[in-house]
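Notes to accompany the following structure.
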Amino acid sequence: MTKGAEKKQRKAKAVAEKKETTTTTTTMRETVKLISMEGFEFVIDREAAMVSHTIRSMLTSPGGFSESKDGVVTFPDISTPILEKICQYFYWSLQYSRGKETEFHIEPELTLELMMAANYLHT
Amino acid sequence: MDSPLVRLCIEEACKSGDAVERWRLQRRSLEKLPPHLADALLRRLLHRRLLFPSLLEGFKHSVENIDLRGESSINAEWMAYIGGFANLLSLNLSDCQRINSSSLWPITGLTSLTELDLSRCMKVTDTGIKHLQSVVNLEKLWISQTGVTEAGISLLASLKKLSLLDLGGLPVTDQNLISLRALTKLEYLDIWGSNVTNLGAICILKFSNLSFLNLSWTSVTQTLNIPHLECLHMNKCDIVSISKTHSSPLASLKKLVLSGATFSAETESFSFTNQSSITYLDVSNTPLRKFSFLATMINLEHLDLSSTAFGDDSVEFVACVGESLRILNVSYTKITSVGVGNLAGHVPQLNTLSLSQTSVDDLSILLISTMMPCIKTLDLSMTRIQGFMQRQTQQAEPSFAALQSLTSLEILSLEHAYLSDTALSPLSSLTGLTHLSLKSTYLTDFTLHHLSSLPNLVSLGVQDAVLTDNGLEKFSPPSRLRTLDLKGCWLLSKEAITALCKRYPHIKVRHDFADDSSSLEQNQLLPRSSPLEKSGRRRNNQRPESSVAVPRNFVDQRLKYNREELVALQNSPLSQLLPREVLVSVPDILADL
């Protein structure tokens with residue numbers, strides 16, 4: 001991965017974490033941690049992560065997955081830039097379903113990998 | 001594609017040639033793509049006209065299904081790349097005009113391939129079949145209307161895994177059927193228009209797994225007792241007798257299509273089958289006079305009696321098997337409102353009813369509305385319906401108001417010469433309508449505006465009406481409208497049509513002045529199946545060629561002629577040169593044959 005991309009990741013993580021801190025002060029909303037292939041951690045609202053049917057079943061299945069206890073999901077096949085885009089999509093999708101109809105921009109370079117990740121995550 | 005993000009990605013990847021350039025070199029990602037994603041991406045690229053032969057290279061490990069039907073650009077270069085697709089399961093090349101025998105060479109030995117459609121690739125000949133002999137795992141093969149001859153057909157006997165074989169329109173001989181007996185797995189055999197006779201037809205009995213058989217347009221006159229047959233087509237056949245030598249009748253027959261067939265002893269002809277198993281019966285365009293045989297077909301769901309001698313006196317036979325009937329076509333028959341009255345109440349599940357070209361009048365609207373609650377599709381074109389009903393001594397009431405009680409009604413056809421604006425005004429309360437087609441020289445802008453309040457309308461036809469430019473300008477189409485048919489609205493100017501197209505680019509406007517560039521799209525919507533549809537499709541394909549002969553920018557006819565001359569010209573054969581509808585009706589096709 002390039003240095004520029006790494007920087008971007010940290011920023012994205014910061015954004016996600018910021019979101020988390022603001023929400024915890026008001027409603028104590030739950031968060032989950034998504035870990036990319038390279039080990040980058042993305043902390044996002046549980047509600048946002050639930051946009052993915054795959055993550056939803058991991059987090060809600062009774063007893064089975066360790067993910068449902070810890071709220072940590074590792075994706076050894078999803079690279080950091082793709083997981084970042086996925087997280088952005090979760091939030092976009094939530095807003096979209098609440099009536100804020102904006103466009104979700106995808107760089108053509110990301111389409112193939114993102115498509116595969118989206119397919120895996122059922123999102 | 002159920003995942004919205006996958007959809008977005010495919011859309012973004014196929015946005016422009018530039019976008020494609022930015023991902024096409026990610027070879028490893030392309031190779032890793034799950035087959036269903038690779039298939040979808042390829043399909044979208046093709047649809048957006050961004051696919052070219054060398055781009056195929058990247059997909060050779062991931063793609064399983066390629067559908068290139070109707071693509072005139074597909075040639076040997078494309079095929080050279082497709083030959084490298086090691087995991088290819090199905091390939092559809094139907095209507096690819098440039099495909100010939102030698103361009104099939106690259107797919108020889110492609111052991112993954114199980115389905116191949118070469119329908120109407122006219123340049124594919126016996127040599128092409130020789131190439132296919134090495135595609136040993138072929139299970140489904142369509143080669144109807146190609147250049148393959150008797151010799152080539154015999155070669156197919158080596159493709160032992162074939163379960164579906166479409167040889168429609170090929171000169172299949174009795175000898176061919178003898179050699180094809182080796183294909184023991186055959187479940188589907190289509191040999192319409194072949195040279196097969198009763199002699200060869202006996203060989204068909206050897207195909208013990210056969211469930212579909214099409215013998216239309218052949219000289220076969222006997223029906224065969226094939227044990228597992230579920231679907232039999234014998235359109236335009238001369239059905240003389242039933243072979244009584246075999247004891248087991250066609251016990252499992254569900255679908256029987258005999259459109260345009262002739263019978264020697266008509267009611268007897270139907271004794272060859274266990275009639276209660278039949279759910280689909282098409283005897284349109286036949287000389288049948290007695291319909292009492294219907295009375296035992298208690299499981300009928302689809303019945304087509306159009307263009308027969310069916311009349312009010314035969315309605316009772318339909319009524320007594322009406323319990324499960326869903327689709328009934330009695331257009332071009334002698335049925336009147338009396339017959340509709342006898343039918344009403346006996347067809348509780350009927351959802352599609354066609355009464356076009358019959359003598360039914362306004363009373364039938366009331367009968368249908370009150371007694372056939374499930375009606376979804378209703379065709380009342382070219383009937384005696386006037387839109388008003390006389391109730392005793394009172395004033396005439398608009399009869400279409402009764403349709404309001406049909407809560408499922410979605411598709412309504414009232415192409416009829418004498419309906420006025422006032423007669424049609426109750427239609428605006430039918431809010432469930434998605435398709436409405438009208439055709440009357442008495443209609444004005446009033447109807448057009450009135451109908452724009454139908455919220456679910458997808459397709460609206462107001463043909464031959466006296467619509468004006470001003471009226472069209474004020475027309476605000478319902479939000480879901482996609483097709484607006486204004487053919488024959490002769491008062492409209494080119495400017496008004498162009499302005500309308502510009503204002504609503506998502507609506508396809510049909511008119512002499514509108515650009516008809518979507519013929520290709522329409523072709524893609526047509527499914528593959530019976531020869532009837534095939535011949536309909538062939539005509540569609542020919543359409544672009546024939547329309548080339550008509551210059552695009554011809555002089556506005558109103559400048560050339562005065563009003564009286566125009567009115568006189570309206571019914572002249574030349575005015576029939578309008579582009580054809582997508583779906584050619586059955587009687588239309590048969591009349592051509």
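Residue numbering restarts at 1 for every chain of the structure tokens, chains are lettered A, B, ... in their displayed order, and ligands are numbered from 1 as they appear.
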Practice problem: List the neighbours of Met389 (chain B) out to 10 Å using only C-alpha atoms; skip same-chain residues closer than 5 positions along the sequence, and give me the result as JSON, numbers by chain. | Solution: {"B": [361, 362, 363, 365, 366, 394, 395, 396, 397, 398, 399, 400]}
Closest contacts (chain A/chain B, max 12 Å, only C-alpha atoms) as JSON lines:
{"residue": "A:Val51", "atom": "CA", "partner": "B:Leu5", "partner_atom": "CA", "distance": 10.7}
{"residue": "A:Ser52", "atom": "CA", "partner": "B:Ser3", "partner_atom": "CA", "distance": 9.5}
{"residue": "A:His53", "atom": "CA", "partner": "B:Ser3", "partner_atom": "CA", "distance": 9.8}
{"residue": "A:Thr54", "atom": "CA", "partner": "B:Ser3", "partner_atom": "CA", "distance": 11.6}
{"residue": "A:Asp77", "atom": "CA", "partner": "B:Lys32", "partner_atom": "CA", "distance": 11.6}
{"residue": "A:Lys85", "atom": "CA", "partner": "B:Leu5", "partner_atom": "CA", "distance": 10.7}
{"residue": "A:Ile86", "atom": "CA", "partner": "B:Leu5", "partner_atom": "CA", "distance": 8.9}
{"residue": "A:Cys87", "atom": "CA", "partner": "B:Leu5", "partner_atom": "CA", "distance": 11.8}
{"residue": "A:Gln88", "atom": "CA", "partner": "B:Leu5", "partner_atom": "CA", "distance": 11.4}
{"residue": "A:Tyr89", "atom": "CA", "partner": "B:Leu5", "partner_atom": "CA", "distance": 8.0}
{"residue": "A:Phe90", "atom": "CA", "partner": "B:Leu5", "partner_atom": "CA", "distance": 9.8}
{"residue": "A:Trp92", "atom": "CA", "partner": "B:Leu5", "partner_atom": "CA", "distance": 10.9}
{"residue": "A:Ser93", "atom": "CA", "partner": "B:Leu5", "partner_atom": "CA", "distance": 9.3}
{"residue": "A:Tyr96", "atom": "CA", "partner": "B:Pro4", "partner_atom": "CA", "distance": 11.9}
{"residue": "A:Glu103", "atom": "CA", "partner": "B:Leu8", "partner_atom": "CA", "distance": 10.0}
{"residue": "A:Phe104", "atom": "CA", "partner": "B:Leu8", "partner_atom": "CA", "distance": 8.3}
{"residue": "A:His105", "atom": "CA", "partner": "B:Glu12", "partner_atom": "CA", "distance": 8.3}
{"residue": "A:Ile106", "atom": "CA", "partner": "B:Glu12", "partner_atom": "CA", "distance": 6.6}
{"residue": "A:Glu107", "atom": "CA", "partner": "B:Glu12", "partner_atom": "CA", "distance": 7.7}
{"residue": "A:Pro108", "atom": "CA", "partner": "B:Ala19", "partner_atom": "CA", "distance": 5.4}
{"residue": "A:Glu109", "atom": "CA", "partner": "B:Trp23", "partner_atom": "CA", "distance": 5.0}
{"residue": "A:Leu110", "atom": "CA", "partner": "B:Trp23", "partner_atom": "CA", "distance": 7.7}
{"residue": "A:Thr111", "atom": "CA", "partner": "B:Cys9", "partner_atom": "CA", "distance": 5.1}
{"residue": "A:Leu112", "atom": "CA", "partner": "B:Ser29", "partner_atom": "CA", "distance": 6.4}
{"residue": "A:Glu113", "atom": "CA", "partner": "B:Ser29", "partner_atom": "CA", "distance": 6.5}
{"residue": "A:Leu114", "atom": "CA", "partner": "B:Cys9", "partner_atom": "CA", "distance": 7.1}
{"residue": "A:Met115", "atom": "CA", "partner": "B:Val6", "partner_atom": "CA", "distance": 4.9}
{"residue": "A:Met116", "atom": "CA", "partner": "B:Leu33", "partner_atom": "CA", "distance": 6.6}
{"residue": "A:Ala117", "atom": "CA", "partner": "B:Val6", "partner_atom": "CA", "distance": 8.7}
{"residue": "A:Ala118", "atom": "CA", "partner": "B:Val6", "partner_atom": "CA", "distance": 5.9}
{"residue": "A:Asn119", "atom": "CA", "partner": "B:Val6", "partner_atom": "CA", "distance": 6.4}
{"residue": "A:Tyr120", "atom": "CA", "partner": "B:Ser3", "partner_atom": "CA", "distance": 9.7}
{"residue": "A:Leu121", "atom": "CA", "partner": "B:Ser3", "partner_atom": "CA", "distance": 9.0}
{"residue": "A:His122", "atom": "CA", "partner": "B:Ser3", "partner_atom": "CA", "distance": 5.9}
{"residue": "A:Thr123", "atom": "CA", "partner": "B:Ser3", "partner_atom": "CA", "distance": 5.3}
Quiz prompt | Nearest to Ser259 (chain B) by atom-to-atom distance, counting only C-alpha atoms, from B:Thr127, B:Gln349, B:Thr308, B:Gln97 | solution = B:Thr308
Quiz item: Where in region 65-296 of chain B does DSSP assign alpha helix (DSSP H), given as a PyMOL selection string?
Solution: chain B and resi 76-82+126-132+150-155+174-179+198-201+266-269
Saved selection, atoms kept: C-alpha atoms, as a PDB file, in the first residue's frame:
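So the final result, stored in selection-v6.pdb, reads:
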ATOM      1  CA  ALA B  76     -14.193 -14.568 -35.855  1.00  0.00           C
ATOM      2  CA  GLU B  77     -12.032 -12.184 -33.796  1.00  0.00           C
ATOM      3  CA  TRP B  78     -14.481 -12.244 -30.902  1.00  0.00           C
ATOM      4  CA  MET B  79     -14.742 -16.002 -31.192  1.00  0.00           C
ATOM      5  CA  ALA B  80     -10.959 -16.357 -31.024  1.00  0.00           C
ATOM      6  CA  TYR B  81     -11.053 -14.822 -27.528  1.00  0.00           C
ATOM      7  CA  ILE B  82     -14.168 -16.724 -26.465  1.00  0.00           C
ATOM      8  CA  ASP B 126     -22.524 -28.658 -41.849  1.00  0.00           C
ATOM      9  CA  THR B 127     -18.857 -27.700 -41.486  1.00  0.00           C
ATOM     10  CA  GLY B 128     -19.777 -25.809 -38.329  1.00  0.00           C
ATOM     11  CA  ILE B 129     -21.478 -28.916 -36.935  1.00  0.00           C
ATOM     12  CA  LYS B 130     -18.242 -30.853 -37.534  1.00  0.00           C
ATOM     13  CA  HIS B 131     -16.473 -28.360 -35.262  1.00  0.00           C
ATOM     14  CA  LEU B 132     -19.153 -28.855 -32.610  1.00  0.00           C
ATOM     15  CA  GLU B 150     -29.386 -33.433 -43.558  1.00  0.00           C
ATOM     16  CA  ALA B 151     -25.726 -34.501 -43.489  1.00  0.00           C
ATOM     17  CA  GLY B 152     -24.905 -32.101 -40.679  1.00  0.00           C
ATOM     18  CA  ILE B 153     -27.870 -33.171 -38.577  1.00  0.00           C
ATOM     19  CA  SER B 154     -26.720 -36.798 -38.706  1.00  0.00           C
ATOM     20  CA  LEU B 155     -23.418 -35.752 -37.145  1.00  0.00           C
ATOM     21  CA  ASP B 174     -36.905 -39.388 -41.453  1.00  0.00           C
ATOM     22  CA  GLN B 175     -33.433 -40.839 -41.925  1.00  0.00           C
ATOM     23  CA  ASN B 176     -32.047 -38.170 -39.596  1.00  0.00           C
ATOM     24  CA  LEU B 177     -34.416 -39.161 -36.820  1.00  0.00           C
ATOM     25  CA  ILE B 178     -33.293 -42.760 -37.157  1.00  0.00           C
ATOM     26  CA  SER B 179     -29.675 -41.744 -36.668  1.00  0.00           C
ATOM     27  CA  ASN B 198     -45.281 -40.243 -40.070  1.00  0.00           C
ATOM     28  CA  LEU B 199     -42.619 -42.796 -40.894  1.00  0.00           C
ATOM     29  CA  GLY B 200     -39.858 -40.884 -39.135  1.00  0.00           C
ATOM     30  CA  ALA B 201     -42.119 -39.720 -36.350  1.00  0.00           C
ATOM     31  CA  GLU B 266     -62.342 -33.466 -34.892  1.00  0.00           C
ATOM     32  CA  THR B 267     -63.780 -34.512 -31.579  1.00  0.00           C
ATOM     33  CA  GLU B 268     -62.074 -37.859 -31.860  1.00  0.00           C
ATOM     34  CA  SER B 269     -58.714 -36.197 -32.262  1.00  0.00           C
TER      35      SER B 269
END
Quiz item: Which residue gives the smallest distance to Ser101 (chain B) among B:Lys60, B:Ser307, B:Pro287, B:Ile143, with only C-alpha atoms counted?
Solution: B:Ile143
Exercise. Name all residues at most 7 Å from Val360 (chain B) (count only C-alpha atoms; drop same-chain ones fewer than 5 positions away) and give them as number ranges by chain.
Key: B: 335-337, 383-385
Next, write the just-selected residues to a file, as a tab-separated table (two decimals), in the first residue's frame, keeping C-alpha atoms as the atom set.
chain	number	residue	atom	x	y	z
B	335	ILE	CA	-69.33	-14.73	-29.18
B	336	THR	CA	-71.73	-11.96	-28.12
B	337	SER	CA	-72.74	-10.49	-24.80
B	383	THR	CA	-66.08	-4.70	-30.59
B	384	ARG	CA	-69.56	-3.18	-30.68
B	385	ILE	CA	-68.93	-1.36	-27.44
Quiz item: Could you pull out all residues of region 12-128 of chain B with a DSSP call of strand (DSSP E or B) and give them as an NGL selection string?
Solution: :B and (65-67 or 90-92 or 100 or 115-117 or 123)
Write out the residues from the selection above, keeping C-alpha atoms, as an mmCIF file, in the first residue's frame.
data_model
loop_
_atom_site.group_PDB
_atom_site.id
_atom_site.type_symbol
_atom_site.label_atom_id
_atom_site.label_comp_id
_atom_site.auth_asym_id
_atom_site.auth_seq_id
_atom_site.Cartn_x
_atom_site.Cartn_y
_atom_site.Cartn_z
ATOM 1 C CA ASN B 65 -22.303 -17.383 -19.359
ATOM 2 C CA ILE B 66 -22.099 -15.140 -22.394
ATOM 3 C CA ASP B 67 -25.188 -13.795 -24.091
ATOM 4 C CA SER B 90 -23.320 -21.300 -21.980
ATOM 5 C CA LEU B 91 -22.900 -19.228 -25.097
ATOM 6 C CA ASN B 92 -25.732 -17.517 -26.911
ATOM 7 C CA ASN B 100 -20.165 -18.658 -39.830
ATOM 8 C CA GLU B 115 -25.300 -24.795 -23.841
ATOM 9 C CA LEU B 116 -24.908 -23.261 -27.281
ATOM 10 C CA ASP B 117 -27.447 -21.190 -29.154
ATOM 11 C CA LYS B 123 -23.962 -18.840 -42.346
#
Self-check item: Nearby residues (only C-alpha atoms) at most 7 Å from region 291-300 of chain B, same-chain spacing under 6 positions excluded, as a PyMOL selection string
Solution: chain B and resi 267+275-280+314+317-318+320-321+324-325
Please produce a file of the residues just selected, as a PDB file, in the first residue's frame, where the atoms kept are N, CA and C atoms.
ATOM      1  N   THR B 267     -63.655 -34.231 -33.015  1.00  0.00           N
ATOM      2  CA  THR B 267     -63.780 -34.512 -31.579  1.00  0.00           C
ATOM      3  C   THR B 267     -62.962 -35.733 -31.201  1.00  0.00           C
ATOM      4  N   GLN B 275     -57.455 -36.232 -21.031  1.00  0.00           N
ATOM      5  CA  GLN B 275     -57.797 -34.818 -21.157  1.00  0.00           C
ATOM      6  C   GLN B 275     -57.734 -34.044 -19.856  1.00  0.00           C
ATOM      7  N   SER B 276     -57.890 -34.751 -18.755  1.00  0.00           N
ATOM      8  CA  SER B 276     -57.918 -34.001 -17.502  1.00  0.00           C
ATOM      9  C   SER B 276     -56.542 -33.467 -17.121  1.00  0.00           C
ATOM     10  N   SER B 277     -55.477 -33.982 -17.762  1.00  0.00           N
ATOM     11  CA  SER B 277     -54.149 -33.486 -17.407  1.00  0.00           C
ATOM     12  C   SER B 277     -53.808 -32.187 -18.136  1.00  0.00           C
ATOM     13  N   ILE B 278     -54.557 -31.869 -19.181  1.00  0.00           N
ATOM     14  CA  ILE B 278     -54.211 -30.701 -19.995  1.00  0.00           C
ATOM     15  C   ILE B 278     -54.522 -29.394 -19.272  1.00  0.00           C
ATOM     16  N   THR B 279     -53.512 -28.538 -19.186  1.00  0.00           N
ATOM     17  CA  THR B 279     -53.724 -27.232 -18.566  1.00  0.00           C
ATOM     18  C   THR B 279     -53.662 -26.105 -19.592  1.00  0.00           C
ATOM     19  N   TYR B 280     -53.041 -26.383 -20.742  1.00  0.00           N
ATOM     20  CA  TYR B 280     -52.853 -25.339 -21.742  1.00  0.00           C
ATOM     21  C   TYR B 280     -53.319 -25.876 -23.080  1.00  0.00           C
ATOM     22  N   SER B 314     -71.488 -22.593 -27.807  1.00  0.00           N
ATOM     23  CA  SER B 314     -70.431 -23.459 -27.261  1.00  0.00           C
ATOM     24  C   SER B 314     -69.920 -22.978 -25.911  1.00  0.00           C
ATOM     25  N   PHE B 317     -69.537 -25.232 -22.741  1.00  0.00           N
ATOM     26  CA  PHE B 317     -68.434 -26.182 -22.560  1.00  0.00           C
ATOM     27  C   PHE B 317     -67.242 -25.530 -21.845  1.00  0.00           C
ATOM     28  N   VAL B 318     -67.049 -24.256 -22.115  1.00  0.00           N
ATOM     29  CA  VAL B 318     -65.990 -23.534 -21.401  1.00  0.00           C
ATOM     30  C   VAL B 318     -66.439 -23.297 -19.964  1.00  0.00           C
ATOM     31  N   CYS B 320     -68.254 -25.029 -18.069  1.00  0.00           N
ATOM     32  CA  CYS B 320     -68.217 -26.174 -17.146  1.00  0.00           C
ATOM     33  C   CYS B 320     -66.786 -26.578 -16.766  1.00  0.00           C
ATOM     34  N   VAL B 321     -65.779 -26.020 -17.451  1.00  0.00           N
ATOM     35  CA  VAL B 321     -64.401 -26.277 -17.009  1.00  0.00           C
ATOM     36  C   VAL B 321     -63.730 -24.976 -16.572  1.00  0.00           C
ATOM     37  N   SER B 324     -60.762 -23.494 -12.994  1.00  0.00           N
ATOM     38  CA  SER B 324     -59.347 -23.134 -12.837  1.00  0.00           C
ATOM     39  C   SER B 324     -58.833 -22.273 -13.993  1.00  0.00           C
ATOM     40  N   LEU B 325     -59.700 -21.904 -14.890  1.00  0.00           N
ATOM     41  CA  LEU B 325     -59.289 -21.137 -16.072  1.00  0.00           C
ATOM     42  C   LEU B 325     -58.738 -19.758 -15.689  1.00  0.00           C
TER      43      LEU B 325
END
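For the pair CA of Arg49 (chain B) and CA of Gly17 (chain B), the interatomic distance is 9.2 Å.
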Practice problem: For region 34-41 of chain A, work out the shell of residues within 6 Å, counting only C-alpha atoms and skipping chain neighbours fewer than 2 positions away, then give it as an NGL selection string. | Solution: :A and (72-80)
Restricted to C-alpha atoms, what would the selected residues look like written as a JSON list (two decimals), in the first residue's frame?
[["chain", "number", "residue", "atom", "x", "y", "z"],
["A", 72, "VAL", "CA", -14.89, -7.33, 16.27],
["A", 73, "VAL", "CA", -14.90, -8.67, 12.72],
["A", 74, "THR", "CA", -11.74, -9.42, 10.77],
["A", 75, "PHE", "CA", -11.73, -9.52, 6.97],
["A", 76, "PRO", "CA", -8.53, -11.20, 5.77],
["A", 77, "ASP", "CA", -9.64, -10.80, 2.14],
["A", 78, "ILE", "CA", -10.60, -7.12, 2.15],
["A", 79, "SER", "CA", -7.90, -4.50, 1.71],
["A", 80, "THR", "CA", -7.91, -1.25, 3.69]]
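When only C-alpha atoms are used to measure the gap to Phe42 (chain A), the shortest distance among A:Gly71, A:Pro62, A:Glu84, A:Arg56 belongs to A:Glu84.
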Quiz item: CA of Leu164 (chain B) and CA of Leu56 (chain B), how far apart in Å?
Solution: 28.1 Å
Using only C-alpha atoms, determine which residues lie at most 10 Å from Asp313 (chain B), disregarding the query and same-chain residues fewer than 5 positions distant; provide the list as a PDB file with C-alpha atoms, in the first residue's frame.
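The result, stored in around-v5.pdb:
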ATOM      1  CA  LYS B 290     -67.846 -28.714 -31.984  1.00  0.00           C
ATOM      2  CA  PHE B 291     -66.321 -27.815 -28.668  1.00  0.00           C
ATOM      3  CA  LYS B 334     -68.887 -15.213 -32.905  1.00  0.00           C
ATOM      4  CA  ILE B 335     -69.327 -14.732 -29.176  1.00  0.00           C
ATOM      5  CA  VAL B 338     -75.177 -13.379 -24.387  1.00  0.00           C
ATOM      6  CA  GLY B 339     -72.229 -15.773 -24.386  1.00  0.00           C
ATOM      7  CA  ASN B 342     -73.352 -17.484 -19.765  1.00  0.00           C
TER       8      ASN B 342
END
Quiz item: How many Å separate CA of Ser459 (chain B) from CA of Ser437 (chain B)?
Solution: 7.8 Å
